[in-house]
Amino acid sequence: MRRGTDSHARKRVNMDRDAARRQAARRAPKASPPEPTAAPNGFRLPAQWEPHEATWMAWPHHRTDWPGRLTAVGWAFAEIIGHLTRGETVRLVVSDAAEQRRARRRLEAAGVDLARVEFFHAPTDRAWIRDSGPCFVETRNAGSEPALAVAGFGFNGWGRFPGHARDARLARRLAGALALPWIPATWAGWRLILEGGAIEPNGRGTLIATEECLLDGDAQPRNPATDRRELEAALATMLGARNLLWLARGLEGDDTHGHVDGVCRFVGPKRLLYARQPDRRDPDHRRLEANRERLAAARLEDGSRPELIALPMPEPRYWKGARLPASYANFYIGNEAVLVPTFNDPADRRALGLLADVFPDRRVLGVHAADLIVGGGAIHCLTREQPAVGRARESRRLER
């Protein structure tokens, strides 16, 4: 979920290039994909509630994402980091030493425990690390202990925004800094494009995504060389996702073109929170009802039906006449706390109470997100979990 001030111009810049890519994709010969029923290489995408070794964030500096609000956004970052460091390390990406000094001053002023903040120098275009950062996967070969690796998906500025070259290199650069294996995500000769906000795993082999985001190539091309079956096979291979649940669309005003993390989230292997808008006059009503109908018929990887829990929506929010994708579903599950975006809205209390019931073992905390959402995203978009695997996982269990 991101919003730039010059999105129409950016779309025009990419129009000819994207048309050429689609035409080439239609002509390109396609390999026959394997059946998407297993992960033959033993890859698994852990669920977010599983133990973390750390949470990654990238310090905000792109002013056009938050026009006139970058200072307020910096304080929101400090609040998020302060909450997370009570239960885990935060690994913070900064562009250079000068930005690290600025970030440290802000965090110190907010009372953050800097002993639990690790700084990594890497140039970025934007702070939306959920989408541009490493996709950490657990690997397991026969007879070996689980290990951590990075699935090397590409990033193309959500298929519509230029100025993303540094973000496109970020995941591989951080994998190198951590000395983790980088596994190229390719299919039929194409580098697969996938953002973290586009998928939602339960850690057991089921993945949720929207057709609007990953299959509507004409509107926002990410992988024009793949069709539904090929994409499902690729995600089974790279992420262990042998069961794909396809929702229809994301939120109105979401310029990622349908990220799932604003409309539906797993909160357990068999429990799903889904956003619901009862107001029939709201454009999101029809979108979210279509998703609810699909979820009502959905089956998990073991054939069972998920438990569905409706999550309220805040009242519509706008910036310069444009609808913003404000949603309580954009929460983040940390080791010790669940951080929920709030909007000074009558539904804030209901959303926090519902999530407190779902996560009785964690603190559920609201973080005011009125400034964050002007950039088109909230807490989940700005964070990326690094799972604890092997010894780190056992250590984390002992701490809890």
# chains A, B, ... in the order shown; residues from 1 in each chain; ligands from 1
call {"tool": "residues_around", "arguments": {"residues": "Arg204 of chain A", "least_positions_apart": "2", "cutoff": "7 Å", "atoms": "only C-alpha atoms", "output": "tab-separated table (two decimals) with C-alpha atoms, in the first residue's frame"}}
result
chain	number	residue	atom	x	y	z
A	202	ASN	CA	-0.66	-19.90	7.85
A	206	THR	CA	-1.99	-22.50	2.83
A	269	PRO	CA	-3.28	-22.16	11.48
call {"tool": "select_by_dssp", "arguments": {"residues": "segment 36-84 of chain A", "states": "helix (DSSP H, G or I)", "output": "JSON, numbers by chain"}}
result
{"A": [70, 71, 72, 73, 74, 75, 76, 77, 78, 79, 80, 81, 82, 83, 84]}
call {"tool": "write_last_selection", "arguments": {"atoms": "N, CA and C atoms", "output": "PDB file, in the first residue's frame"}}
result
ATOM      1  N   LEU A  70       6.606  13.955   7.427  1.00  0.00           N
ATOM      2  CA  LEU A  70       7.718  13.040   7.653  1.00  0.00           C
ATOM      3  C   LEU A  70       8.174  13.059   9.111  1.00  0.00           C
ATOM      4  N   THR A  71       8.141  14.212   9.761  1.00  0.00           N
ATOM      5  CA  THR A  71       8.525  14.270  11.177  1.00  0.00           C
ATOM      6  C   THR A  71       7.575  13.439  12.036  1.00  0.00           C
ATOM      7  N   ALA A  72       6.267  13.597  11.805  1.00  0.00           N
ATOM      8  CA  ALA A  72       5.290  12.818  12.565  1.00  0.00           C
ATOM      9  C   ALA A  72       5.454  11.329  12.295  1.00  0.00           C
ATOM     10  N   VAL A  73       5.749  10.970  11.051  1.00  0.00           N
ATOM     11  CA  VAL A  73       5.959   9.559  10.711  1.00  0.00           C
ATOM     12  C   VAL A  73       7.179   9.010  11.437  1.00  0.00           C
ATOM     13  N   GLY A  74       8.250   9.821  11.561  1.00  0.00           N
ATOM     14  CA  GLY A  74       9.425   9.385  12.312  1.00  0.00           C
ATOM     15  C   GLY A  74       9.091   9.056  13.758  1.00  0.00           C
ATOM     16  N   TRP A  75       8.221   9.853  14.373  1.00  0.00           N
ATOM     17  CA  TRP A  75       7.816   9.554  15.754  1.00  0.00           C
ATOM     18  C   TRP A  75       6.979   8.281  15.813  1.00  0.00           C
ATOM     19  N   ALA A  76       6.138   8.051  14.809  1.00  0.00           N
ATOM     20  CA  ALA A  76       5.375   6.798  14.773  1.00  0.00           C
ATOM     21  C   ALA A  76       6.312   5.596  14.649  1.00  0.00           C
ATOM     22  N   PHE A  77       7.350   5.726  13.826  1.00  0.00           N
ATOM     23  CA  PHE A  77       8.350   4.659  13.725  1.00  0.00           C
ATOM     24  C   PHE A  77       8.990   4.395  15.079  1.00  0.00           C
ATOM     25  N   ALA A  78       9.354   5.456  15.781  1.00  0.00           N
ATOM     26  CA  ALA A  78       9.980   5.292  17.094  1.00  0.00           C
ATOM     27  C   ALA A  78       9.050   4.567  18.061  1.00  0.00           C
ATOM     28  N   GLU A  79       7.750   4.876  17.997  1.00  0.00           N
ATOM     29  CA  GLU A  79       6.793   4.198  18.868  1.00  0.00           C
ATOM     30  C   GLU A  79       6.716   2.706  18.528  1.00  0.00           C
ATOM     31  N   ILE A  80       6.647   2.398  17.237  1.00  0.00           N
ATOM     32  CA  ILE A  80       6.586   0.992  16.821  1.00  0.00           C
ATOM     33  C   ILE A  80       7.831   0.243  17.277  1.00  0.00           C
ATOM     34  N   ILE A  81       8.993   0.826  17.039  1.00  0.00           N
ATOM     35  CA  ILE A  81      10.248   0.173  17.420  1.00  0.00           C
ATOM     36  C   ILE A  81      10.326  -0.004  18.927  1.00  0.00           C
ATOM     37  N   GLY A  82       9.880   1.005  19.674  1.00  0.00           N
ATOM     38  CA  GLY A  82       9.893   0.895  21.130  1.00  0.00           C
ATOM     39  C   GLY A  82       9.045  -0.259  21.632  1.00  0.00           C
ATOM     40  N   HIS A  83       7.867  -0.440  21.053  1.00  0.00           N
ATOM     41  CA  HIS A  83       7.019  -1.571  21.449  1.00  0.00           C
ATOM     42  C   HIS A  83       7.673  -2.906  21.097  1.00  0.00           C
ATOM     43  N   LEU A  84       8.233  -3.001  19.893  1.00  0.00           N
ATOM     44  CA  LEU A  84       8.780  -4.280  19.441  1.00  0.00           C
ATOM     45  C   LEU A  84      10.013  -4.704  20.227  1.00  0.00           C
TER      46      LEU A  84
END
call {"tool": "residues_around", "arguments": {"residues": "segment 341-344 of chain A", "least_positions_apart": "2", "cutoff": "10 Å", "atoms": "only C-alpha atoms", "output": "MDAnalysis selection string"}}
result
chainID A and resid 314:315 317 326:332 339 346:349 351:352 365:373 377:380
call {"tool": "closest_atom_pairs", "arguments": {"of": "segment 264-345 of chain A", "to": "segment 210-215 of chain A", "cutoff": "12 Å", "atoms": "only C-alpha atoms", "output": "tab-separated table"}}
result
residue	atom	partner	partner_atom	distance
A:Cys264	CA	A:Thr210	CA	9.8
A:Arg287	CA	A:Glu212	CA	10.8
A:Leu288	CA	A:Thr210	CA	11.5
A:Ala290	CA	A:Thr210	CA	11.3
A:Asn291	CA	A:Thr210	CA	9.0
A:Arg294	CA	A:Thr210	CA	11.0
A:Leu295	CA	A:Thr210	CA	11.9
call {"tool": "select_by_dssp", "arguments": {"residues": "segment 32-158 of chain A", "states": "strand (DSSP E)", "output": "list in words"}}
result
His52, Glu53, Ala54, Thr55, Trp56, Met57, Ala58, Thr89, Val90, Arg91, Leu92, Val93, Val94, Val117, Glu118, Phe119, Phe120, His121, Cys135, Phe136, Val137, Glu138, Thr139, Ala147, Leu148, Ala149, Val150, Ala151 and Gly152 of chain A
call {"tool": "write_last_selection", "arguments": {"atoms": "N, CA and C atoms", "output": "PDB file, in the first residue's frame"}}
result
ATOM      1  N   HIS A  52      10.135 -14.991  16.288  1.00  0.00           N
ATOM      2  CA  HIS A  52      11.015 -14.186  15.446  1.00  0.00           C
ATOM      3  C   HIS A  52      12.415 -14.125  16.043  1.00  0.00           C
ATOM      4  N   GLU A  53      13.400 -14.121  15.188  1.00  0.00           N
ATOM      5  CA  GLU A  53      14.737 -13.706  15.614  1.00  0.00           C
ATOM      6  C   GLU A  53      14.821 -12.194  15.670  1.00  0.00           C
ATOM      7  N   ALA A  54      14.122 -11.525  14.765  1.00  0.00           N
ATOM      8  CA  ALA A  54      14.145 -10.064  14.699  1.00  0.00           C
ATOM      9  C   ALA A  54      13.006  -9.579  13.824  1.00  0.00           C
ATOM     10  N   THR A  55      12.723  -8.283  13.925  1.00  0.00           N
ATOM     11  CA  THR A  55      11.847  -7.590  12.988  1.00  0.00           C
ATOM     12  C   THR A  55      12.675  -6.556  12.242  1.00  0.00           C
ATOM     13  N   TRP A  56      12.497  -6.494  10.923  1.00  0.00           N
ATOM     14  CA  TRP A  56      13.202  -5.521  10.087  1.00  0.00           C
ATOM     15  C   TRP A  56      12.314  -4.320   9.796  1.00  0.00           C
ATOM     16  N   MET A  57      12.925  -3.138   9.816  1.00  0.00           N
ATOM     17  CA  MET A  57      12.269  -1.912   9.376  1.00  0.00           C
ATOM     18  C   MET A  57      13.297  -1.077   8.613  1.00  0.00           C
ATOM     19  N   ALA A  58      12.827  -0.100   7.857  1.00  0.00           N
ATOM     20  CA  ALA A  58      13.710   0.809   7.122  1.00  0.00           C
ATOM     21  C   ALA A  58      13.299   2.233   7.467  1.00  0.00           C
ATOM     22  N   THR A  89      14.697  -8.200  18.852  1.00  0.00           N
ATOM     23  CA  THR A  89      15.598  -7.242  18.225  1.00  0.00           C
ATOM     24  C   THR A  89      14.899  -6.600  17.032  1.00  0.00           C
ATOM     25  N   VAL A  90      15.145  -5.304  16.842  1.00  0.00           N
ATOM     26  CA  VAL A  90      14.716  -4.627  15.628  1.00  0.00           C
ATOM     27  C   VAL A  90      15.951  -4.322  14.798  1.00  0.00           C
ATOM     28  N   ARG A  91      15.961  -4.777  13.564  1.00  0.00           N
ATOM     29  CA  ARG A  91      17.064  -4.520  12.639  1.00  0.00           C
ATOM     30  C   ARG A  91      16.621  -3.401  11.705  1.00  0.00           C
ATOM     31  N   LEU A  92      17.280  -2.264  11.842  1.00  0.00           N
ATOM     32  CA  LEU A  92      16.830  -1.046  11.192  1.00  0.00           C
ATOM     33  C   LEU A  92      17.762  -0.676  10.047  1.00  0.00           C
ATOM     34  N   VAL A  93      17.206  -0.591   8.855  1.00  0.00           N
ATOM     35  CA  VAL A  93      17.965  -0.219   7.669  1.00  0.00           C
ATOM     36  C   VAL A  93      18.009   1.299   7.575  1.00  0.00           C
ATOM     37  N   VAL A  94      19.216   1.836   7.457  1.00  0.00           N
ATOM     38  CA  VAL A  94      19.427   3.275   7.254  1.00  0.00           C
ATOM     39  C   VAL A  94      20.328   3.449   6.037  1.00  0.00           C
ATOM     40  N   VAL A 117      18.398  -2.569  19.171  1.00  0.00           N
ATOM     41  CA  VAL A 117      18.284  -2.068  17.804  1.00  0.00           C
ATOM     42  C   VAL A 117      19.621  -2.266  17.107  1.00  0.00           C
ATOM     43  N   GLU A 118      19.610  -2.958  15.977  1.00  0.00           N
ATOM     44  CA  GLU A 118      20.812  -3.143  15.165  1.00  0.00           C
ATOM     45  C   GLU A 118      20.633  -2.367  13.859  1.00  0.00           C
ATOM     46  N   PHE A 119      21.653  -1.573  13.499  1.00  0.00           N
ATOM     47  CA  PHE A 119      21.580  -0.759  12.293  1.00  0.00           C
ATOM     48  C   PHE A 119      22.306  -1.446  11.137  1.00  0.00           C
ATOM     49  N   PHE A 120      21.695  -1.403   9.965  1.00  0.00           N
ATOM     50  CA  PHE A 120      22.284  -1.922   8.741  1.00  0.00           C
ATOM     51  C   PHE A 120      22.277  -0.811   7.704  1.00  0.00           C
ATOM     52  N   HIS A 121      23.429  -0.553   7.096  1.00  0.00           N
ATOM     53  CA  HIS A 121      23.538   0.494   6.086  1.00  0.00           C
ATOM     54  C   HIS A 121      23.222  -0.094   4.714  1.00  0.00           C
ATOM     55  N   CYS A 135      12.350 -12.066   1.785  1.00  0.00           N
ATOM     56  CA  CYS A 135      11.316 -13.062   2.061  1.00  0.00           C
ATOM     57  C   CYS A 135      12.014 -14.263   2.697  1.00  0.00           C
ATOM     58  N   PHE A 136      12.018 -14.337   4.015  1.00  0.00           N
ATOM     59  CA  PHE A 136      12.724 -15.391   4.734  1.00  0.00           C
ATOM     60  C   PHE A 136      11.918 -16.690   4.687  1.00  0.00           C
ATOM     61  N   VAL A 137      12.595 -17.775   4.317  1.00  0.00           N
ATOM     62  CA  VAL A 137      11.947 -19.085   4.278  1.00  0.00           C
ATOM     63  C   VAL A 137      12.777 -20.073   5.077  1.00  0.00           C
ATOM     64  N   GLU A 138      12.079 -21.048   5.622  1.00  0.00           N
ATOM     65  CA  GLU A 138      12.740 -22.144   6.325  1.00  0.00           C
ATOM     66  C   GLU A 138      13.018 -23.252   5.325  1.00  0.00           C
ATOM     67  N   THR A 139      14.226 -23.772   5.342  1.00  0.00           N
ATOM     68  CA  THR A 139      14.596 -24.873   4.446  1.00  0.00           C
ATOM     69  C   THR A 139      14.914 -26.100   5.282  1.00  0.00           C
ATOM     70  N   ALA A 147      16.961 -24.644   8.454  1.00  0.00           N
ATOM     71  CA  ALA A 147      17.851 -23.494   8.286  1.00  0.00           C
ATOM     72  C   ALA A 147      17.067 -22.374   7.636  1.00  0.00           C
ATOM     73  N   LEU A 148      17.642 -21.196   7.655  1.00  0.00           N
ATOM     74  CA  LEU A 148      16.984 -20.025   7.099  1.00  0.00           C
ATOM     75  C   LEU A 148      17.641 -19.642   5.781  1.00  0.00           C
ATOM     76  N   ALA A 149      16.821 -19.217   4.834  1.00  0.00           N
ATOM     77  CA  ALA A 149      17.304 -18.731   3.545  1.00  0.00           C
ATOM     78  C   ALA A 149      16.399 -17.592   3.102  1.00  0.00           C
ATOM     79  N   VAL A 150      16.775 -16.945   2.011  1.00  0.00           N
ATOM     80  CA  VAL A 150      15.970 -15.859   1.454  1.00  0.00           C
ATOM     81  C   VAL A 150      15.521 -16.256   0.059  1.00  0.00           C
ATOM     82  N   ALA A 151      14.205 -16.263  -0.150  1.00  0.00           N
ATOM     83  CA  ALA A 151      13.649 -16.531  -1.474  1.00  0.00           C
ATOM     84  C   ALA A 151      13.801 -15.277  -2.322  1.00  0.00           C
ATOM     85  N   GLY A 152      14.505 -15.402  -3.432  1.00  0.00           N
ATOM     86  CA  GLY A 152      14.918 -14.235  -4.208  1.00  0.00           C
ATOM     87  C   GLY A 152      13.885 -13.746  -5.198  1.00  0.00           C
TER      88      GLY A 152
END
call {"tool": "residues_around", "arguments": {"residues": "Val267 of chain A", "least_positions_apart": "3", "cutoff": "8 Å", "atoms": "only C-alpha atoms", "output": "list in words"}}
result
Trp49, Asn202, Lys270, Arg271, Leu272, Leu273 and Val358 of chain A
call {"tool": "closest_residue", "arguments": {"among": "A:Pro67, A:Asp279, A:Leu382, A:Leu45", "to": "Arg126 of chain A", "atoms": "only C-alpha atoms"}}
result
A:Leu382
call {"tool": "decode", "arguments": {"residues": "segment 324-352 of chain A", "atoms": "N, CA and C atoms", "output": "PDB file, in the first residue's frame"}}
result
ATOM      1  N   LEU A 324      -8.006   6.571   0.994  1.00  0.00           N
ATOM      2  CA  LEU A 324      -6.845   5.895   1.562  1.00  0.00           C
ATOM      3  C   LEU A 324      -7.250   4.499   2.033  1.00  0.00           C
ATOM      4  N   PRO A 325      -6.346   3.519   1.944  1.00  0.00           N
ATOM      5  CA  PRO A 325      -6.689   2.131   2.303  1.00  0.00           C
ATOM      6  C   PRO A 325      -6.549   1.857   3.796  1.00  0.00           C
ATOM      7  N   ALA A 326      -7.265   2.616   4.613  1.00  0.00           N
ATOM      8  CA  ALA A 326      -7.194   2.442   6.062  1.00  0.00           C
ATOM      9  C   ALA A 326      -7.893   1.148   6.467  1.00  0.00           C
ATOM     10  N   SER A 327      -7.204   0.335   7.271  1.00  0.00           N
ATOM     11  CA  SER A 327      -7.756  -0.960   7.675  1.00  0.00           C
ATOM     12  C   SER A 327      -7.070  -1.432   8.943  1.00  0.00           C
ATOM     13  N   TYR A 328      -7.848  -2.015   9.841  1.00  0.00           N
ATOM     14  CA  TYR A 328      -7.259  -2.627  11.041  1.00  0.00           C
ATOM     15  C   TYR A 328      -6.537  -3.930  10.713  1.00  0.00           C
ATOM     16  N   ALA A 329      -6.794  -4.490   9.540  1.00  0.00           N
ATOM     17  CA  ALA A 329      -6.139  -5.749   9.165  1.00  0.00           C
ATOM     18  C   ALA A 329      -4.645  -5.572   8.933  1.00  0.00           C
ATOM     19  N   ASN A 330      -4.172  -4.336   8.834  1.00  0.00           N
ATOM     20  CA  ASN A 330      -2.753  -4.103   8.593  1.00  0.00           C
ATOM     21  C   ASN A 330      -1.964  -4.096   9.909  1.00  0.00           C
ATOM     22  N   PHE A 331      -2.296  -5.014  10.817  1.00  0.00           N
ATOM     23  CA  PHE A 331      -1.585  -5.143  12.092  1.00  0.00           C
ATOM     24  C   PHE A 331      -0.337  -6.002  11.906  1.00  0.00           C
ATOM     25  N   TYR A 332       0.540  -5.955  12.923  1.00  0.00           N
ATOM     26  CA  TYR A 332       1.771  -6.751  12.891  1.00  0.00           C
ATOM     27  C   TYR A 332       1.860  -7.565  14.169  1.00  0.00           C
ATOM     28  N   ILE A 333       2.181  -8.855  14.027  1.00  0.00           N
ATOM     29  CA  ILE A 333       2.289  -9.762  15.171  1.00  0.00           C
ATOM     30  C   ILE A 333       3.757  -9.900  15.546  1.00  0.00           C
ATOM     31  N   GLY A 334       4.162  -9.295  16.660  1.00  0.00           N
ATOM     32  CA  GLY A 334       5.511  -9.442  17.175  1.00  0.00           C
ATOM     33  C   GLY A 334       5.590 -10.566  18.186  1.00  0.00           C
ATOM     34  N   ASN A 335       6.784 -10.818  18.695  1.00  0.00           N
ATOM     35  CA  ASN A 335       6.952 -11.874  19.699  1.00  0.00           C
ATOM     36  C   ASN A 335       6.145 -11.603  20.959  1.00  0.00           C
ATOM     37  N   GLU A 336       6.076 -10.338  21.341  1.00  0.00           N
ATOM     38  CA  GLU A 336       5.487  -9.988  22.625  1.00  0.00           C
ATOM     39  C   GLU A 336       4.233  -9.132  22.490  1.00  0.00           C
ATOM     40  N   ALA A 337       4.063  -8.493  21.339  1.00  0.00           N
ATOM     41  CA  ALA A 337       2.959  -7.554  21.157  1.00  0.00           C
ATOM     42  C   ALA A 337       2.381  -7.659  19.754  1.00  0.00           C
ATOM     43  N   VAL A 338       1.105  -7.322  19.657  1.00  0.00           N
ATOM     44  CA  VAL A 338       0.434  -7.142  18.368  1.00  0.00           C
ATOM     45  C   VAL A 338       0.162  -5.657  18.221  1.00  0.00           C
ATOM     46  N   LEU A 339       0.707  -5.055  17.165  1.00  0.00           N
ATOM     47  CA  LEU A 339       0.578  -3.616  16.949  1.00  0.00           C
ATOM     48  C   LEU A 339      -0.489  -3.362  15.899  1.00  0.00           C
ATOM     49  N   VAL A 340      -1.494  -2.579  16.265  1.00  0.00           N
ATOM     50  CA  VAL A 340      -2.682  -2.393  15.442  1.00  0.00           C
ATOM     51  C   VAL A 340      -2.791  -0.928  15.029  1.00  0.00           C
ATOM     52  N   PRO A 341      -2.966  -0.622  13.742  1.00  0.00           N
ATOM     53  CA  PRO A 341      -3.170   0.772  13.353  1.00  0.00           C
ATOM     54  C   PRO A 341      -4.524   1.276  13.842  1.00  0.00           C
ATOM     55  N   THR A 342      -4.534   2.476  14.414  1.00  0.00           N
ATOM     56  CA  THR A 342      -5.781   3.103  14.849  1.00  0.00           C
ATOM     57  C   THR A 342      -5.896   4.479  14.194  1.00  0.00           C
ATOM     58  N   PHE A 343      -7.140   5.012  14.171  1.00  0.00           N
ATOM     59  CA  PHE A 343      -7.405   6.195  13.363  1.00  0.00           C
ATOM     60  C   PHE A 343      -8.284   7.224  14.067  1.00  0.00           C
ATOM     61  N   ASN A 344      -8.301   7.219  15.408  1.00  0.00           N
ATOM     62  CA  ASN A 344      -9.228   8.082  16.142  1.00  0.00           C
ATOM     63  C   ASN A 344     -10.653   7.868  15.632  1.00  0.00           C
ATOM     64  N   ASP A 345     -11.025   6.614  15.542  1.00  0.00           N
ATOM     65  CA  ASP A 345     -12.273   6.201  14.920  1.00  0.00           C
ATOM     66  C   ASP A 345     -13.135   5.466  15.943  1.00  0.00           C
ATOM     67  N   PRO A 346     -14.460   5.562  15.835  1.00  0.00           N
ATOM     68  CA  PRO A 346     -15.311   4.838  16.780  1.00  0.00           C
ATOM     69  C   PRO A 346     -15.066   3.330  16.791  1.00  0.00           C
ATOM     70  N   ALA A 347     -14.564   2.780  15.681  1.00  0.00           N
ATOM     71  CA  ALA A 347     -14.344   1.329  15.622  1.00  0.00           C
ATOM     72  C   ALA A 347     -13.001   0.908  16.207  1.00  0.00           C
ATOM     73  N   ASP A 348     -12.131   1.868  16.565  1.00  0.00           N
ATOM     74  CA  ASP A 348     -10.812   1.515  17.101  1.00  0.00           C
ATOM     75  C   ASP A 348     -10.933   0.552  18.281  1.00  0.00           C
ATOM     76  N   ARG A 349     -11.815   0.898  19.217  1.00  0.00           N
ATOM     77  CA  ARG A 349     -11.913   0.096  20.438  1.00  0.00           C
ATOM     78  C   ARG A 349     -12.394  -1.322  20.142  1.00  0.00           C
ATOM     79  N   ARG A 350     -13.344  -1.451  19.235  1.00  0.00           N
ATOM     80  CA  ARG A 350     -13.839  -2.791  18.881  1.00  0.00           C
ATOM     81  C   ARG A 350     -12.744  -3.633  18.246  1.00  0.00           C
ATOM     82  N   ALA A 351     -11.967  -3.020  17.364  1.00  0.00           N
ATOM     83  CA  ALA A 351     -10.893  -3.766  16.704  1.00  0.00           C
ATOM     84  C   ALA A 351      -9.838  -4.214  17.708  1.00  0.00           C
ATOM     85  N   LEU A 352      -9.459  -3.333  18.610  1.00  0.00           N
ATOM     86  CA  LEU A 352      -8.455  -3.684  19.621  1.00  0.00           C
ATOM     87  C   LEU A 352      -8.976  -4.778  20.553  1.00  0.00           C
TER      88      LEU A 352
END
